file entry.cif (mmCIF, C-alpha atoms)
data_entry
#
loop_
_atom_site.label_atom_id
_atom_site.label_comp_id
_atom_site.auth_asym_id
_atom_site.auth_seq_id
_atom_site.Cartn_x
_atom_site.Cartn_y
_atom_site.Cartn_z
CA MET R 441 159.42 214.84 291.01
CA ILE R 442 161.92 212.55 292.77
CA PRO R 443 164.33 214.60 294.88
CA GLN R 444 168.08 214.32 294.38
CA GLN R 445 168.46 213.05 297.96
CA HIS R 446 166.52 209.86 297.19
CA VAL R 447 168.62 209.17 294.10
CA ASP R 448 171.84 209.53 296.13
CA GLN R 449 170.50 207.21 298.87
CA VAL R 450 169.63 204.48 296.37
CA TYR R 451 172.97 204.53 294.53
CA GLU R 452 174.90 204.75 297.77
CA PHE R 453 173.10 201.61 298.95
CA LEU R 454 173.73 199.81 295.66
CA SER R 455 177.43 200.63 295.76
CA GLN R 456 177.63 198.89 299.19
CA SER R 457 175.53 195.86 298.16
CA GLN R 458 177.95 193.94 295.97
CA ASP R 459 177.50 190.68 297.94
CA GLY R 460 175.57 189.09 300.78
CA PRO R 461 172.24 187.30 301.29
CA LEU R 462 169.36 188.92 299.45
CA ASP R 463 167.20 189.07 302.59
CA THR R 464 169.94 190.93 304.49
CA LEU R 465 170.37 193.42 301.68
CA TYR R 466 166.59 193.94 301.60
CA LYS R 467 166.53 194.78 305.36
CA ASN R 468 169.39 197.24 304.93
CA PHE R 469 167.44 198.89 302.12
CA LEU R 470 164.37 199.31 304.36
CA LYS R 471 166.45 201.13 306.98
CA ARG R 472 167.50 203.69 304.37
CA VAL R 473 164.17 204.32 302.62
CA GLN R 474 162.22 204.83 305.87
CA ASP R 475 158.61 205.84 304.99
CA GLN R 476 158.98 206.51 301.22
CA PRO R 477 159.73 203.15 299.57
CA PHE R 478 157.89 204.00 296.35
CA ASN R 479 160.32 206.73 295.24
CA HIS R 480 163.33 204.54 295.93
CA CYS R 481 161.82 201.50 294.16
CA TYR R 482 160.88 203.70 291.24
CA ILE R 483 164.56 204.67 290.87
CA LEU R 484 165.53 201.00 290.93
CA TYR R 485 162.87 200.05 288.39
CA GLN R 486 163.88 202.90 286.10
CA ALA R 487 167.52 201.85 286.22
CA LEU R 488 166.46 198.27 285.36
CA CYS R 489 164.53 199.52 282.34
CA ASP R 490 167.50 201.59 281.15
CA ASN R 491 170.02 198.74 281.59
CA THR R 492 172.33 201.00 283.63
CA LEU R 493 173.05 198.45 286.39
CA PRO R 494 175.53 195.57 286.37
CA GLN R 495 174.10 192.08 286.49
CA ARG R 496 174.80 191.42 290.20
CA ILE R 497 173.09 194.68 291.22
CA ARG R 498 170.11 193.88 288.94
CA PHE R 499 169.42 190.75 291.03
CA VAL R 500 169.38 192.87 294.21
CA ALA R 501 167.07 195.50 292.70
CA ILE R 502 164.63 192.89 291.37
CA TYR R 503 164.46 191.09 294.74
CA ILE R 504 163.83 194.34 296.67
CA ILE R 505 161.06 195.51 294.31
CA ASN R 506 159.35 192.10 294.48
CA GLU R 507 159.52 191.99 298.30
CA LEU R 508 158.06 195.47 298.69
CA PHE R 509 155.37 195.50 295.99
CA GLY R 510 155.04 191.88 294.80
CA LYS R 511 151.92 191.27 296.88
CA GLN R 512 150.31 194.65 296.11
CA VAL R 513 147.33 194.73 293.71
CA PRO R 514 147.69 196.45 291.37
CA ASN R 515 151.47 196.26 291.30
CA PRO R 516 152.98 199.53 289.99
CA PHE R 517 156.18 197.72 288.97
CA VAL R 518 155.62 194.84 286.54
CA LEU R 519 158.83 192.81 286.65
CA SER R 520 157.64 190.41 283.96
CA ASP R 521 157.63 193.31 281.46
CA LEU R 522 161.34 193.96 281.88
CA ASN R 523 163.10 193.47 278.56
CA SER R 524 165.95 191.49 280.09
CA SER R 525 168.81 190.26 277.91
CA CYS R 526 169.84 187.55 280.41
CA THR R 527 168.00 184.25 280.26
CA PHE R 528 168.87 183.38 283.88
CA GLU R 529 167.50 186.74 285.00
CA ARG R 530 164.15 186.00 283.31
CA LYS R 531 164.09 182.62 285.09
CA PHE R 532 164.92 184.36 288.38
CA ILE R 533 161.98 186.77 287.96
CA SER R 534 159.64 183.91 287.08
CA ASN R 535 160.65 181.99 290.21
CA LEU R 536 160.12 185.05 292.40
CA LEU R 537 156.64 185.58 290.98
CA ASN R 538 155.93 181.91 291.74
CA LYS R 539 156.80 182.52 295.42
CA GLU R 540 160.12 180.70 295.38
CA GLN R 541 162.33 181.64 298.33
CA TYR R 542 165.65 183.38 297.56
CA GLY R 543 166.17 185.18 300.90
CA GLN R 544 169.23 183.15 302.02
CA VAL R 545 170.80 183.06 298.56
CA THR R 546 173.80 185.35 298.18
CA VAL R 547 174.56 187.53 295.18
CA LYS R 548 177.79 185.58 294.60
CA GLN R 549 175.83 182.31 294.37
CA LEU R 550 173.51 183.83 291.76
CA MET R 551 176.43 185.07 289.68
CA ASP R 552 178.11 181.67 289.91
CA ASP R 553 174.95 180.06 288.54
CA VAL R 554 174.91 182.58 285.71
CA ASP R 555 178.55 181.89 284.81
CA LYS R 556 178.07 178.15 285.15
CA HIS R 557 175.00 177.65 283.02
CA PHE R 558 174.81 180.69 280.80
CA ASP R 559 177.27 182.76 278.81
CA ILE R 560 175.83 186.23 279.22
CA ARG R 561 178.48 187.64 276.89
CA GLN R 562 176.70 185.95 274.02
CA GLU R 563 173.29 187.25 275.08
CA LYS R 564 171.87 190.01 272.88
CA GLN R 565 171.35 193.25 274.76
CA SER R 566 168.23 195.26 274.04
CA TYR R 567 168.02 199.01 274.48
CA THR R 568 165.01 201.22 274.85
CA LEU R 569 164.31 203.95 272.32
CA GLU R 570 162.84 206.17 275.04
CA LEU R 571 164.65 208.84 277.05
CA ARG R 572 164.26 208.55 280.80
CA GLN R 573 163.78 211.27 283.39
CA THR R 574 167.30 210.59 284.70
CA ILE R 575 170.66 210.76 282.92
CA PRO R 576 174.04 209.17 283.89
CA ASP R 577 176.28 211.28 286.05
CA PRO R 578 179.75 211.96 284.54
CA ILE R 579 181.34 210.32 287.61
CA GLY R 580 179.53 207.10 286.66
CA GLN R 581 178.42 206.10 290.17
CA SER R 582 175.08 207.93 290.49
CA LEU R 583 172.22 209.31 288.46
CA LEU R 584 171.22 212.93 288.29
CA THR R 585 167.54 213.77 288.23
CA LEU R 586 166.37 216.55 285.96
CA PRO R 587 165.02 219.59 287.89
CA SER R 588 161.54 219.43 286.38
CA ILE R 589 159.99 217.55 283.52
CA ASP R 590 158.00 220.68 282.69
CA HIS R 591 161.20 222.31 281.40
CA PHE R 592 161.06 220.02 278.36
CA LYS R 593 158.40 220.39 275.68
CA TYR R 594 158.33 216.74 274.58
CA GLN R 595 155.25 214.83 273.59
CA GLY R 596 154.39 211.22 274.43
CA GLN R 597 155.45 211.38 278.09
CA THR R 598 155.04 208.13 280.05
CA ILE R 599 155.59 207.07 283.65
CA SER R 600 159.09 205.90 282.77
CA GLY R 601 160.20 208.71 280.45
CA PHE R 602 159.41 210.69 277.32
CA SER R 603 159.90 210.10 273.59
CA GLN R 604 162.51 211.88 271.55
CA ASP R 605 161.51 214.89 269.51
CA PHE R 606 162.93 214.26 266.03
CA LEU R 607 163.90 217.33 264.01
CA ARG R 608 161.98 218.00 260.80
CA VAL R 609 162.65 220.27 257.86
CA LEU R 610 160.42 223.34 257.91
CA PRO R 611 157.76 223.13 255.19
CA GLN R 612 157.83 225.64 252.38
CA ILE R 613 155.28 228.40 252.88
CA MET R 614 153.31 229.44 249.80
CA ILE R 615 153.11 233.20 249.44
CA SER R 616 150.94 233.40 246.32
CA ASP R 617 147.38 232.09 246.14
CA PRO R 618 147.11 228.58 244.70
CA GLU R 619 145.48 228.13 241.34
CA TRP R 620 142.46 225.86 241.60
CA LEU R 621 141.49 223.73 238.64
CA ASP R 622 137.80 224.18 237.97
CA ILE R 623 136.27 221.32 236.00
CA GLY R 624 134.11 222.64 233.20
CA ILE R 625 131.32 220.89 231.35
CA VAL R 626 131.70 217.12 231.48
CA PRO R 627 130.81 215.61 228.08
CA ASP R 628 128.34 212.74 227.85
CA VAL R 629 129.93 209.31 227.80
CA HIS R 630 129.22 207.27 224.68
CA TRP R 631 130.02 203.61 224.42
CA ASP R 632 132.10 202.52 221.44
CA TYR R 633 130.46 199.31 220.27
CA HIS R 634 133.32 198.61 217.85
CA ILE R 635 135.81 197.94 220.64
CA GLU R 636 136.55 194.24 221.16
CA VAL R 637 133.48 193.10 219.26
CA SER R 638 133.46 189.31 218.89
CA THR R 639 133.78 188.27 215.25
CA SER R 640 133.06 184.58 215.87
CA ASP R 641 129.80 183.03 214.71
CA ILE R 642 128.68 181.97 218.18
CA GLY R 643 129.56 185.41 219.59
CA TYR R 644 127.44 187.24 217.05
CA LEU R 645 124.65 184.67 217.50
CA LYS R 646 124.54 185.36 221.25
CA GLU R 647 124.41 189.10 220.58
CA LEU R 648 121.39 188.63 218.32
CA ILE R 649 119.65 186.40 220.87
CA GLN R 650 120.21 189.00 223.58
CA LYS R 651 118.84 191.65 221.26
CA ALA R 652 115.82 189.43 220.42
CA GLY R 653 114.70 189.61 224.03
CA ASN R 654 114.38 193.39 223.85
CA VAL R 655 113.41 194.45 220.32
CA LYS R 656 111.91 193.04 217.14
CA LEU R 657 114.62 191.64 214.88
CA THR R 658 114.78 192.31 211.15
CA LEU R 659 114.13 189.55 208.64
CA LYS R 660 117.86 189.43 207.87
CA GLU R 661 118.76 188.98 211.54
CA GLU R 662 116.11 186.28 212.01
CA GLN R 663 117.40 184.40 208.98
CA HIS R 664 120.97 184.65 210.27
CA ILE R 665 119.94 183.04 213.58
CA ILE R 666 118.13 180.24 211.75
CA ASP R 667 121.05 179.61 209.40
CA GLN R 668 123.63 179.53 212.20
CA ALA R 669 121.48 177.27 214.41
CA ASN R 670 121.03 174.82 211.54
CA LYS R 671 124.79 174.60 211.00
CA GLU R 672 125.82 172.85 214.20
CA LYS R 673 124.06 171.39 217.21
CA LYS R 674 126.27 173.28 219.65
CA TYR R 675 125.03 176.62 218.31
CA ILE R 676 121.45 175.94 219.36
CA LEU R 677 122.60 174.66 222.76
CA ASP R 678 124.95 177.59 223.46
CA CYS R 679 123.05 180.44 221.83
CA GLY R 680 121.94 181.89 225.17
CA ILE R 681 118.20 181.10 225.24
CA ASN R 682 116.94 179.70 228.55
CA ILE R 683 113.78 179.63 230.63
CA ASN R 684 114.64 183.04 232.12
CA ASN R 685 114.62 184.99 228.84
CA PHE R 686 112.40 182.71 226.71
CA MET R 687 109.14 184.62 227.28
CA ASN R 688 110.80 187.91 226.34
CA ILE R 689 111.79 186.36 223.02
CA VAL R 690 108.22 185.06 222.59
CA ASN R 691 106.82 188.56 223.07
CA PHE R 692 109.22 190.27 220.66
CA ASN R 693 110.18 187.51 218.21
CA PRO R 694 107.74 184.57 218.24
CA ASN R 695 109.28 183.11 215.07
CA ILE R 696 112.63 182.71 216.83
CA ALA R 697 110.96 181.18 219.90
CA SER R 698 109.06 178.55 217.91
CA PHE R 699 112.13 177.73 215.81
CA TYR R 700 114.27 177.34 218.95
CA ILE R 701 111.88 174.85 220.60
CA ALA R 702 111.52 172.82 217.39
CA ARG R 703 115.30 172.75 216.85
CA LEU R 704 115.93 171.91 220.49
CA ASN R 705 113.52 168.99 220.20
CA GLN R 706 115.40 167.72 217.14
CA CYS R 707 118.61 167.75 219.17
CA GLY R 708 117.04 165.37 221.67
CA GLN R 709 116.74 167.92 224.49
CA SER R 710 113.77 168.16 226.85
CA ILE R 711 111.35 170.98 226.01
CA GLN R 712 108.78 170.34 228.74
CA ASP R 713 109.89 173.40 230.74
CA TYR R 714 109.14 175.64 227.77
CA PHE R 715 105.67 174.07 227.38
CA ASP R 716 105.02 174.86 231.06
CA LEU R 717 106.02 178.50 230.49
CA LEU R 718 103.62 178.83 227.53
CA VAL R 719 100.73 177.48 229.61
CA LYS R 720 101.45 179.42 232.81
CA ASN R 721 101.78 182.82 231.15
CA LYS R 722 98.86 184.96 230.06
CA ILE R 723 97.62 183.94 226.62
CA ASN R 724 98.31 186.52 223.92
CA VAL R 725 98.66 186.65 220.15
CA ASN R 726 102.40 185.92 220.24
CA ILE R 727 101.97 182.77 222.36
CA LEU R 728 99.24 181.56 220.00
CA GLU R 729 101.53 182.10 217.02
CA VAL R 730 104.34 180.16 218.71
CA VAL R 731 102.11 177.17 219.53
CA HIS R 732 100.56 177.30 216.04
CA LYS R 733 103.99 177.14 214.38
CA LEU R 734 105.07 174.37 216.74
CA SER R 735 102.02 172.30 215.81
CA GLN R 736 103.20 172.41 212.20
CA SER R 737 106.81 171.37 212.92
CA ILE R 738 106.75 168.91 215.85
CA GLN R 739 104.29 166.57 217.52
CA LEU R 740 102.86 168.32 220.54
CA PRO R 741 101.96 166.29 223.67
CA GLN R 742 98.21 165.62 223.93
CA PRO R 743 97.91 166.81 227.57
CA PHE R 744 99.56 170.08 226.63
CA ILE R 745 97.23 170.58 223.62
CA SER R 746 94.08 169.90 225.65
CA PHE R 747 95.10 172.16 228.52
CA PHE R 748 96.30 174.94 226.20
CA VAL R 749 93.11 174.93 224.10
CA SER R 750 90.96 175.07 227.25
CA LYS R 751 92.94 178.02 228.53
CA CYS R 752 92.62 179.83 225.18
CA LEU R 753 88.84 179.42 225.20
CA GLU R 754 88.60 180.54 228.83
CA ASN R 755 90.74 183.58 228.05
CA CYS R 756 88.45 184.70 225.24
CA GLU R 757 85.38 184.04 227.41
CA SER R 758 86.70 186.17 230.26
CA LYS R 759 87.40 189.12 227.96
CA LYS R 760 84.13 189.25 226.05
CA ASP R 761 82.40 191.54 228.57
CA LYS R 762 85.43 193.79 229.02
CA ASP R 763 86.92 194.21 225.59
CA LYS R 764 85.21 194.17 222.19
CA ASN R 765 87.97 195.85 220.28
CA THR R 766 89.95 194.73 217.28
CA GLN R 767 92.62 193.08 219.44
CA LEU R 768 90.09 190.65 220.91
CA GLN R 769 88.64 189.85 217.47
CA ARG R 770 92.14 189.25 216.16
CA GLN R 771 92.87 186.91 219.05
CA ALA R 772 89.58 185.04 218.46
CA ARG R 773 90.45 184.78 214.77
CA ILE R 774 93.88 183.36 215.57
CA VAL R 775 92.37 180.92 218.07
CA SER R 776 89.92 179.79 215.39
CA VAL R 777 92.68 179.31 212.82
CA PHE R 778 94.81 177.51 215.41
CA LEU R 779 91.97 175.14 216.39
CA LYS R 780 91.10 174.49 212.75
CA ALA R 781 94.73 173.61 211.98
CA ILE R 782 95.26 171.19 214.88
CA ILE R 783 91.84 169.56 214.28
CA LYS R 784 92.52 169.18 210.56
CA SER R 785 95.92 167.63 211.26
CA LYS R 786 94.25 165.33 213.80
CA ILE R 787 96.34 166.67 216.66
CA LEU R 788 93.19 167.45 218.63
CA ASP R 789 90.00 165.38 218.69
CA PRO R 790 87.11 167.92 218.57
CA LYS R 791 84.84 165.48 220.37
CA SER R 792 86.90 165.85 223.58
CA LEU R 793 86.21 169.60 223.76
CA PHE R 794 83.11 169.83 221.57
CA ALA R 795 80.97 171.79 224.06
CA GLU R 796 83.64 174.42 224.76
CA ILE R 797 84.55 174.89 221.08
CA GLN R 798 80.87 175.10 220.05
CA ALA R 799 80.22 177.82 222.66
CA PHE R 800 83.27 179.74 221.43
CA CYS R 801 82.12 179.56 217.78
CA ILE R 802 78.61 180.75 218.65
CA GLU R 803 80.02 183.67 220.68
CA TYR R 804 82.19 184.84 217.75
CA SER R 805 79.86 183.80 214.92
CA LYS R 806 80.43 187.11 213.14
CA ILE R 807 84.05 186.10 212.47
CA SER R 808 84.40 184.03 209.31
CA GLU R 809 87.15 181.85 210.81
CA ALA R 810 84.89 180.94 213.74
CA GLN R 811 82.06 180.02 211.34
CA THR R 812 84.37 177.79 209.33
CA LEU R 813 85.62 176.16 212.54
CA PHE R 814 82.06 175.46 213.69
CA LYS R 815 81.15 173.78 210.36
CA MET R 816 84.30 171.66 210.53
CA ILE R 817 83.72 170.27 214.02
CA ARG R 818 80.00 169.73 213.31
CA ASP R 819 80.75 167.80 210.12
CA GLN R 820 83.44 165.70 211.80
CA VAL R 821 81.20 164.81 214.73
CA GLU R 822 78.29 163.84 212.42
CA GLU R 823 80.64 161.86 210.22
CA LYS R 824 81.91 159.87 213.21
CA LYS R 825 78.31 159.15 214.30
CA GLN R 826 77.47 157.80 210.83
CA HIS R 827 80.50 155.52 210.87
CA GLN R 828 79.51 154.20 214.28
CA ASN R 829 75.98 153.44 213.04
#
call {"tool": "encode", "arguments": {"input": "entry.cif", "output": "structure tokens"}}
result
Amino acid sequence: MIPQQHVDQVYEFLSQSQDGPLDTLYKNFLKRVQDQPFNHCYILYQALCDNTLPQRIRFVAIYIINELFGKQVPNPFVLSDLNSSCTFERKFISNLLNKEQYGQVTVKQLMDDVDKHFDIRQEKQSYTLELRQTIPDPIGQSLLTLPSIDHFKYQGQTISGFSQDFLRVLPQIMISDPEWLDIGIVPDVHWDYHIEVSTSDIGYLKELIQKAGNVKLTLKEEQHIIDQANKEKKYILDCGININNFMNIVNFNPNIASFYIARLNQCGQSIQDYFDLLVKNKINVNILEVVHKLSQSIQLPQPFISFFVSKCLENCESKKDKDKNTQLQRQARIVSVFLKAIIKSKILDPKSLFAEIQAFCIEYSKISEAQTLFKMIRDQVEEKKQHQN
């Protein structure tokens, strides 16, 4: 705690330092402070922060603090942080920090420069919102230091003061026990499908297409998709079928998948990506049905037909030792019907894959469709040989 004696010494010195060279005033200050300059400079710095000094005395206090502690690292008194309301004073501090010499300059000369270049009456004064550890004396010439900061139970104390303790209204104390709301059984949430249901044709068409990728559609729903897609070209383009959900539709609704590709081809759109999907995926009954229906509605590319037929025959060959059930016989029957149809319609030349088809027919000779297929390709090959002879 700063003793009262130091406060009196500082304000007695300031009252006698109204004018004169700054260096002379600084030497007079050193004679008074003796071996405790920190306490005296702290009083000066605190008065600067509180804006309790007139402008001419502020110049003296700033010069003394800079001369005593300006070269010390770290400097306990940061003059550049002073919230000064005078523009000339801020320039004065900046020049001091830049080592400019003001020792022979008098206080009167500084005040003349202030009055000449700046109107300090128009400068906005700023005040701190923090109480300091000193308060003005009623006489107005000195500051009284509080006996001990420990006498005050304030929070937020800093090196320069302590924050005000604002009064608050006492909160109401509850005497009775609060009633807690216990949440009982939470009912299951059910979605209302009748809210904001799209009544437009394209909206309902997209809902059916999305449903077709998950479940088998009814005959009425399939017919609705076909009727709507045949109405306008934009319906088939915007119905929602793409390469990402196409195979799901093939697995659940092969009729819709084959119709979509055929209709898309009629609209002049490329369908090569869908052919690639049919070939890359594992051959099953639904894929065979899709390709069979496509062979009856559009002209299939010859490379696709050859590669697809070869894959179908290889698929049946790879399963013969593993699976002899009804599913395999049904698949062989569908392959036989499919090959018979594309050979009869001259989409596939049996001579190009005669060896593979013959081996397939011999392997499944117990199936009537395979027997009929074998007789057809044998008769066509012999007929071609006779024509050549």
call {"tool": "closest_residue", "arguments": {"input": "entry.cif", "among": "R:Ala799, R:Gln739, R:Cys756, R:Tyr542", "to": "Gln706 in chain R", "atoms": "only C-alpha atoms"}}
result
R:Gln739
call {"tool": "resolve_selection", "arguments": {"input": "entry.cif", "expression": "the PyMOL selection byres ((chain R and resi 473) around 12)", "output": "PDB file with C-alpha atoms, in the coordinates of the input"}}
result
ATOM      1  CA  GLN R 445     168.460 213.050 297.960  1.00  0.00           C
ATOM      2  CA  HIS R 446     166.520 209.860 297.190  1.00  0.00           C
ATOM      3  CA  VAL R 447     168.620 209.170 294.100  1.00  0.00           C
ATOM      4  CA  ASP R 448     171.840 209.530 296.130  1.00  0.00           C
ATOM      5  CA  GLN R 449     170.500 207.210 298.870  1.00  0.00           C
ATOM      6  CA  VAL R 450     169.630 204.480 296.370  1.00  0.00           C
ATOM      7  CA  TYR R 451     172.970 204.530 294.530  1.00  0.00           C
ATOM      8  CA  GLU R 452     174.900 204.750 297.770  1.00  0.00           C
ATOM      9  CA  PHE R 453     173.100 201.610 298.950  1.00  0.00           C
ATOM     10  CA  TYR R 466     166.590 193.940 301.600  1.00  0.00           C
ATOM     11  CA  LYS R 467     166.530 194.780 305.360  1.00  0.00           C
ATOM     12  CA  ASN R 468     169.390 197.240 304.930  1.00  0.00           C
ATOM     13  CA  PHE R 469     167.440 198.890 302.120  1.00  0.00           C
ATOM     14  CA  LEU R 470     164.370 199.310 304.360  1.00  0.00           C
ATOM     15  CA  LYS R 471     166.450 201.130 306.980  1.00  0.00           C
ATOM     16  CA  ARG R 472     167.500 203.690 304.370  1.00  0.00           C
ATOM     17  CA  GLN R 474     162.220 204.830 305.870  1.00  0.00           C
ATOM     18  CA  ASP R 475     158.610 205.840 304.990  1.00  0.00           C
ATOM     19  CA  GLN R 476     158.980 206.510 301.220  1.00  0.00           C
ATOM     20  CA  PRO R 477     159.730 203.150 299.570  1.00  0.00           C
ATOM     21  CA  PHE R 478     157.890 204.000 296.350  1.00  0.00           C
ATOM     22  CA  ASN R 479     160.320 206.730 295.240  1.00  0.00           C
ATOM     23  CA  HIS R 480     163.330 204.540 295.930  1.00  0.00           C
ATOM     24  CA  CYS R 481     161.820 201.500 294.160  1.00  0.00           C
ATOM     25  CA  TYR R 482     160.880 203.700 291.240  1.00  0.00           C
ATOM     26  CA  ILE R 483     164.560 204.670 290.870  1.00  0.00           C
ATOM     27  CA  ILE R 504     163.830 194.340 296.670  1.00  0.00           C
ATOM     28  CA  LEU R 508     158.060 195.470 298.690  1.00  0.00           C
TER      29      LEU R 508
END
call {"tool": "closest_residue", "arguments": {"input": "entry.cif", "among": "R:Ser640, R:Thr658, R:Ser520, R:Gln549", "to": "Asn506 in chain R", "atoms": "all atoms listed in the file"}}
result
R:Ser520
call {"tool": "resolve_selection", "arguments": {"input": "entry.cif", "expression": "the PyMOL selection byres ((chain R and resi 735) around 10)", "output": "ChimeraX atom specification"}}
result
/R:698,702,729-734,736-741,745,778,781-782,785,787
call {"tool": "resolve_selection", "arguments": {"input": "entry.cif", "expression": "the PyMOL selection byres ((chain R and resi 654) around 10)", "output": "list of chain:residue names"}}
result
R:Ile649, R:Gln650, R:Lys651, R:Ala652, R:Gly653, R:Val655, R:Lys656, R:Leu657, R:Asn685, R:Asn688, R:Ile689, R:Asn691, R:Phe692, R:Asn693
call {"tool": "atom_distance", "arguments": {"input": "entry.cif", "atom1": "CA of Ala810 in chain R", "atom2": "CA of Phe715 in chain R"}}
result
25.8 Å
call {"tool": "atom_distance", "arguments": {"input": "entry.cif", "atom1": "CA of Thr546 in chain R", "atom2": "CA of Val513 in chain R"}}
result
28.4 Å
call {"tool": "atom_distance", "arguments": {"input": "entry.cif", "atom1": "CA of Gln742 in chain R", "atom2": "CA of Cys679 in chain R"}}
result
29.0 Å
call {"tool": "closest_residue", "arguments": {"input": "entry.cif", "among": "R:Leu550, R:Leu813, R:Leu462, R:Leu484", "to": "Arg496 in chain R", "atoms": "all atoms listed in the file"}}
result
R:Leu550
call {"tool": "residues_around", "arguments": {"input": "entry.cif", "residues": "Ile774 in chain R", "least_positions_apart": "3", "cutoff": "9 Å", "atoms": "all atoms listed in the file", "output": "list in words"}}
result
Val725, Leu728, Glu729, Gln769, Arg770, Gln771, Val777, Phe778, Leu779 and Glu809 of chain R
call {"tool": "residues_around", "arguments": {"input": "entry.cif", "residues": "Gln668 in chain R", "least_positions_apart": "6", "cutoff": "10 Å", "atoms": "only C-alpha atoms", "output": "number ranges by chain"}}
result
R: 641-642, 644-645, 675-676, 679
call {"tool": "closest_residue", "arguments": {"input": "entry.cif", "among": "R:Ile502, R:Ile613, R:Leu536, R:Val547", "to": "Pro461 in chain R", "atoms": "only C-alpha atoms"}}
result
R:Val547
call {"tool": "axis_aligned_box", "arguments": {"input": "entry.cif", "around": "range 506-523 of chain R", "padding_each_side": "8 Å", "output": "JSON"}}
result
{"center_x": 155.2, "center_y": 195.0, "center_z": 288.6, "size_x": 31.8, "size_y": 25.1, "size_z": 36.1}
call {"tool": "closest_residue", "arguments": {"input": "entry.cif", "among": "R:Ser750, R:Asn684, R:Asn705, R:Asn538", "to": "Glu796 in chain R", "atoms": "only C-alpha atoms"}}
result
R:Ser750
